[in-house]
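Trainee: Here you go, this is final.txt (compact mmCIF, C-alpha atoms).
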```
# COMPACT_ATOMS: atom_id res chain seq x y z
CA MET E 25 15.10 -19.46 -14.73
CA LEU E 26 15.77 -23.11 -15.45
CA VAL E 27 18.85 -23.64 -17.62
CA ASP E 28 19.09 -26.70 -19.85
CA LEU E 29 22.68 -27.96 -19.56
CA ASN E 30 22.11 -31.11 -21.61
CA SER E 31 24.29 -31.63 -24.67
CA GLY E 32 22.64 -30.22 -27.74
CA SER E 33 20.66 -27.61 -25.77
CA GLY E 34 22.59 -24.77 -27.34
CA PHE E 35 23.15 -23.10 -23.96
CA VAL E 36 26.45 -21.24 -23.77
CA TYR E 37 27.59 -20.40 -20.24
CA GLY E 38 27.92 -16.63 -19.82
CA ALA E 39 25.73 -15.79 -22.80
CA LEU E 40 22.29 -14.23 -22.40
CA SER E 41 19.82 -16.97 -23.22
CA ALA E 42 16.65 -16.46 -25.23
CA VAL E 43 14.62 -17.34 -22.11
CA CYS E 44 16.31 -14.61 -20.07
CA ASP E 45 15.92 -12.13 -22.93
CA ALA E 46 12.19 -12.96 -23.17
CA GLY E 47 11.81 -12.40 -19.42
CA ILE E 48 13.36 -8.96 -19.72
CA ARG E 49 11.02 -8.09 -22.59
CA ILE E 50 7.94 -9.37 -20.72
CA ASN E 51 8.83 -7.30 -17.65
CA ALA E 52 9.31 -4.22 -19.82
CA LEU E 53 5.89 -4.75 -21.43
CA ILE E 54 4.19 -5.15 -18.04
CA ASP E 55 5.92 -2.05 -16.67
CA ALA E 56 4.98 0.01 -19.73
CA ALA E 57 1.32 -1.09 -19.42
CA LEU E 58 1.20 -0.19 -15.71
CA GLU E 59 2.86 3.18 -16.34
CA ALA E 60 0.39 3.98 -19.16
CA GLU E 61 -2.54 2.99 -16.93
CA HIS E 62 -1.19 5.23 -14.14
CA ARG E 63 -0.74 8.19 -16.51
CA SER E 64 -4.33 7.78 -17.74
CA LYS E 65 -5.76 8.38 -14.27
CA PRO E 66 -6.54 11.99 -13.37
CA PRO E 67 -4.22 13.37 -10.67
CA ARG E 68 -5.61 13.86 -7.20
CA ASP E 69 -6.88 17.37 -6.66
CA TYR E 70 -6.53 17.03 -2.89
CA LEU E 71 -4.03 16.04 -0.22
CA GLY E 72 -4.62 12.45 0.86
CA GLY E 73 -4.81 11.56 4.53
CA SER E 74 -2.03 9.04 4.03
CA ARG E 75 0.35 11.92 3.16
CA ILE E 76 -0.31 14.21 6.13
CA GLY E 77 2.57 12.79 8.18
CA GLU E 78 5.12 13.64 5.46
CA PRO E 79 7.88 15.56 7.30
CA CYS E 80 8.84 17.70 4.27
CA ALA E 81 6.50 20.71 4.10
CA ARG E 82 7.81 21.60 0.65
CA ARG E 83 6.90 18.18 -0.73
CA LEU E 84 3.37 18.52 0.69
CA ALA E 85 3.03 22.03 -0.77
CA TYR E 86 4.01 20.69 -4.20
CA GLU E 87 1.43 17.91 -3.88
CA VAL E 88 -1.34 20.30 -2.80
CA ARG E 89 -0.55 22.64 -5.72
CA LEU E 90 -0.43 19.71 -8.18
CA THR E 91 3.10 20.67 -9.22
CA GLN E 92 4.32 18.61 -12.17
CA VAL E 93 6.93 16.07 -11.08
CA ASP E 94 10.40 16.30 -12.62
CA ASP E 95 11.04 14.17 -15.71
CA GLY E 96 12.24 10.76 -14.63
CA SER E 97 10.67 11.09 -11.17
CA GLU E 98 7.33 9.53 -12.06
CA PHE E 99 6.32 6.20 -10.54
CA ASP E 100 7.97 3.46 -12.57
CA GLY E 101 6.48 0.06 -13.32
CA ARG E 102 8.41 -1.67 -10.54
CA LEU E 103 6.97 0.69 -7.91
CA LEU E 104 3.48 0.41 -9.39
CA ARG E 105 3.77 -3.40 -9.10
CA ILE E 106 4.69 -2.98 -5.42
CA PHE E 107 1.62 -0.77 -4.83
CA ASP E 108 -0.64 -3.26 -6.61
CA ALA E 109 0.75 -6.20 -4.62
CA GLY E 110 0.14 -4.21 -1.42
CA HIS E 111 -3.56 -4.01 -2.26
CA GLN E 112 -3.64 -7.78 -2.82
CA PHE E 113 -1.97 -8.39 0.56
CA GLU E 114 -4.53 -6.06 2.17
CA ASP E 115 -7.39 -8.08 0.65
CA LEU E 116 -5.87 -11.29 2.02
CA THR E 117 -5.53 -9.85 5.52
CA ILE E 118 -9.12 -8.61 5.46
CA ARG E 119 -10.34 -12.06 4.41
CA TRP E 120 -8.26 -13.74 7.14
CA LEU E 121 -9.53 -11.38 9.85
CA GLN E 122 -13.13 -11.86 8.75
CA ALA E 123 -12.66 -15.64 8.82
CA ALA E 124 -11.28 -15.30 12.36
CA GLY E 125 -14.49 -13.64 13.54
CA PHE E 126 -13.80 -9.94 13.07
CA ASP E 127 -16.72 -7.94 11.65
CA LEU E 128 -14.47 -5.87 9.39
CA ARG E 129 -16.22 -3.63 6.90
CA THR E 130 -14.50 -1.85 4.04
CA ARG E 131 -17.49 -0.04 2.53
CA GLY E 132 -20.50 1.84 3.82
CA ARG E 133 -24.13 1.08 3.02
CA ASP E 134 -23.78 3.29 -0.05
CA GLY E 135 -21.08 0.95 -1.41
CA ARG E 136 -18.33 3.55 -1.13
CA GLN E 137 -15.12 3.30 0.86
CA PHE E 138 -15.28 4.89 4.33
CA GLY E 139 -13.66 8.30 4.37
CA PHE E 140 -13.81 12.00 5.08
CA SER E 141 -13.38 15.29 3.27
CA VAL E 142 -12.53 18.60 5.00
CA ALA E 143 -11.12 22.03 4.15
CA GLY E 144 -13.36 22.43 1.14
CA GLY E 145 -12.30 19.01 -0.16
CA HIS E 146 -8.58 19.87 -0.12
CA LEU E 147 -7.88 17.19 2.52
CA ARG E 148 -9.47 13.77 2.14
CA GLY E 149 -8.91 10.33 3.57
CA HIS E 150 -10.11 6.86 2.63
CA MET E 151 -9.79 4.17 5.26
CA ASP E 152 -8.97 0.53 4.66
CA GLY E 153 -11.88 -0.38 6.91
CA VAL E 154 -13.62 -0.35 10.28
CA ILE E 155 -13.91 -3.30 12.64
CA VAL E 156 -17.33 -2.91 14.24
CA ALA E 157 -17.17 -6.06 16.38
CA GLY E 158 -14.87 -8.95 17.00
CA PRO E 159 -13.36 -11.41 19.43
CA ASP E 160 -12.47 -10.24 22.93
CA ILE E 161 -8.79 -9.38 22.49
CA GLY E 162 -8.66 -6.30 24.73
CA ILE E 163 -9.59 -3.79 22.02
CA VAL E 164 -12.75 -1.71 22.22
CA TRP E 165 -14.85 -1.85 19.06
CA PRO E 166 -15.41 -0.08 16.71
CA ALA E 167 -11.81 0.40 15.60
CA LEU E 168 -10.11 1.88 12.57
CA PHE E 169 -8.47 -0.79 10.42
CA GLU E 170 -5.35 0.18 8.48
CA HIS E 171 -3.04 -2.25 6.71
CA LYS E 172 0.41 -2.07 5.12
CA ALA E 173 2.58 -4.72 3.50
CA LEU E 174 6.28 -4.29 4.27
CA LYS E 175 9.53 -5.87 3.21
CA GLN E 176 11.44 -7.84 5.87
CA SER E 177 13.74 -5.04 7.08
CA SER E 178 10.93 -2.49 7.32
CA TRP E 179 8.61 -4.98 9.06
CA THR E 180 11.31 -5.90 11.59
CA ASP E 181 11.94 -2.21 12.33
CA LEU E 182 8.21 -1.68 12.91
CA VAL E 183 8.00 -4.64 15.31
CA LYS E 184 11.10 -3.45 17.18
CA HIS E 185 10.29 0.28 17.47
CA GLY E 186 6.51 0.49 17.16
CA LEU E 187 4.39 2.45 14.71
CA ARG E 188 5.00 5.97 16.05
CA HIS E 189 8.79 5.75 15.87
CA SER E 190 9.27 3.39 12.94
CA LYS E 191 6.58 4.64 10.54
CA SER E 192 5.65 8.19 11.55
CA ILE E 193 3.68 8.80 8.33
CA TYR E 194 1.47 5.77 8.99
CA PHE E 195 1.09 6.84 12.63
CA ALA E 196 -0.08 10.32 11.56
CA GLN E 197 -2.46 8.75 9.04
CA CYS E 198 -4.08 6.61 11.76
CA GLN E 199 -4.36 9.59 14.14
CA LEU E 200 -5.99 11.73 11.45
CA TYR E 201 -8.45 9.01 10.42
CA MET E 202 -9.38 8.26 14.03
CA ALA E 203 -10.02 11.97 14.67
CA TYR E 204 -12.19 12.61 11.62
CA MET E 205 -14.04 9.28 11.81
CA GLN E 206 -14.51 9.63 15.59
CA LEU E 207 -12.88 6.31 16.42
CA GLU E 208 -10.98 5.90 19.68
CA VAL E 209 -8.71 3.03 18.66
CA SER E 210 -6.98 1.62 15.64
CA LEU E 211 -5.98 -1.90 14.69
CA PHE E 212 -2.95 -1.32 12.46
CA THR E 213 -1.81 -4.50 10.77
CA ALA E 214 1.44 -4.94 8.89
CA MET E 215 2.22 -7.98 6.78
CA ASN E 216 5.76 -9.18 6.24
CA LYS E 217 5.75 -9.71 2.47
CA ASP E 218 8.48 -12.38 2.77
CA THR E 219 6.83 -14.55 5.45
CA GLN E 220 3.17 -13.34 5.53
CA GLU E 221 3.60 -12.86 9.27
CA LEU E 222 1.21 -10.24 10.70
```
What would you get if you wrote out this structure as structure tokens?

Mentor:
Amino acid sequence: MLVDLNSGSGFVYGALSAVCDAGIRINALIDAALEAEHRSKPPRDYLGGSRIGEPCARRLAYEVRLTQVDDGSEFDGRLLRIFDAGHQFEDLTIRWLQAAGFDLRTRGRDGRQFGFSVAGGHLRGHMDGVIVAGPDIGIVWPALFEHKALKQSSWTDLVKHGLRHSKSIYFAQCQLYMAYMQLEVSLFTAMNKDTQEL
């Protein structure tokens, strides 16, 4: 926020300015719109492949049984903004990799996202993409492509400890997708949301 400290501006140090108050109201309106949009979507009637690495069996059982979440535990607008931004970062990374010569595909010939469904449809997964060919970087193609956008501390922990130890849920997700999609390798990319470093 830019504060006008010129004489006659009416700004009083320590008082909430009209600009700041408007910003709070705008954020509240955005959050309310995102929360309403989220509530309007039908709940998943399956366990997603991205959840299979969840270490709490009780939490997974609740998700599989579509147990109503406790009041106040729903996704709030701030978290929904984070999810939405993550999808935008994923799109950027895909575009950058394609520009760098990777034949990265996010949809099949039928126009749908690559994925699988097993156990009578109770377990399903939708992949970010498949790299079918690319530059010689020591990876055998085709490869699963999975992407996450992480804040600085989480990204640094991933770089330091590796996917299996730092992000066990993402590691399990990649293993599951590779198994069901019959892919031997995965190119897991993580973007540092603060620096855009991959």

Trainee: Using only C-alpha atoms, find each residue of segment 137-189 of chain E with at least one atom at most 12 Å away from an atom of segment 66-79 of chain E; report its shortest atom-to-atom pair and that distance in Å (one decimal), sort the rows by chain and rising residue number, and return the result as CSV.

Mentor:
```
residue,atom,partner,partner_atom,distance
E:Gly139,CA,E:Gly73,CA,9.4
E:Phe140,CA,E:Gly73,CA,9.0
E:Ser141,CA,E:Tyr70,CA,9.4
E:Val142,CA,E:Tyr70,CA,10.0
E:Ala143,CA,E:Tyr70,CA,9.8
E:Gly144,CA,E:Tyr70,CA,9.6
E:Gly145,CA,E:Tyr70,CA,6.7
E:His146,CA,E:Tyr70,CA,4.5
E:Leu147,CA,E:Leu71,CA,4.9
E:Arg148,CA,E:Gly72,CA,5.2
E:Gly149,CA,E:Gly73,CA,4.4
E:His150,CA,E:Gly73,CA,7.3
E:Met151,CA,E:Gly73,CA,8.9
E:Asp152,CA,E:Ser74,CA,11.0
E:Glu170,CA,E:Ser74,CA,10.5
E:His171,CA,E:Ser74,CA,11.6
E:Lys172,CA,E:Ser74,CA,11.4
E:Arg188,CA,E:Gly77,CA,10.7
```

Trainee: Using only C-alpha atoms, find each residue of segment 51-121 of chain E with at least one atom at most 8 Å away from an atom of segment 173-176 of chain E; report its shortest atom-to-atom pair and that distance in Å (one decimal), sort the rows by chain and rising residue number, and return the result as CSV.

Mentor:
```
residue,atom,partner,partner_atom,distance
E:Gly110,CA,E:Ala173,CA,5.5
E:Phe113,CA,E:Ala173,CA,6.5
E:Glu114,CA,E:Ala173,CA,7.4
```

Trainee: E:Ser210, E:Ser64, E:Thr117, E:Gln112: which is nearest Val154 of chain E, counting all atoms listed in the file?

Mentor: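 The answer is E:Ser210, which sits nearest to Val154 of chain E.
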
Trainee: Take atom CA of Arg129 of chain E and atom CA of Ile155 of chain E and report the distance between them in Å, one decimal.

Mentor: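 Pair atom CA of Arg129 of chain E / atom CA of Ile155 of chain E returns 6.2 Å.
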
Trainee: One number please: atom CA of Val156 of chain E to atom CA of Phe126 of chain E, in Å, one decimal.

Mentor: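 Between atom CA of Val156 of chain E and atom CA of Phe126 of chain E the gap works out to 8.0 Å.
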
Trainee: Between atom CA of Leu187 of chain E and atom CA of Gly132 of chain E, what is the distance, to one decimal in Å?

Mentor: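 The value is 27.2 Å.
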
Trainee: Out of E:Ala157, E:Ile118, E:Leu128, E:Ile163, which residue has the shortest atom-to-atom distance to Ala214 of chain E when counting all atoms listed in the file?

Mentor: E:Ile118

Trainee: Which residue out of E:Val93, E:Gln199, E:Gly125, E:His62 has the minimum interatomic distance to Asp160 of chain E when all atoms listed in the file are used?

Mentor: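 Under the stated criterion, the closest residue is E:Gly125.
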
Trainee: With distances taken over only C-alpha atoms, which residue among E:Ala167, E:Asp55, E:Val209, E:Ala81 lies nearest Leu104 of chain E?

Mentor: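 Among the listed residues, the smallest separation from Leu104 of chain E belongs to E:Asp55.
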
Trainee: Counting only C-alpha atoms, figure out which residue out of E:Asp45, E:Phe212, E:Gly158, E:Asp108 gets nearest to Asp127 of chain E.

Mentor: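 Using only C-alpha atoms, the shortest distance to Asp127 of chain E belongs to E:Gly158.
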
Trainee: So which one's closest to Trp165 of chain E, E:Gln206, E:Thr130, E:Ser190, E:Thr180? Using all atoms listed in the file, please.

Mentor: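 Between E:Gln206, E:Thr130, E:Ser190, E:Thr180, the residue approaching Trp165 of chain E most closely is E:Gln206.
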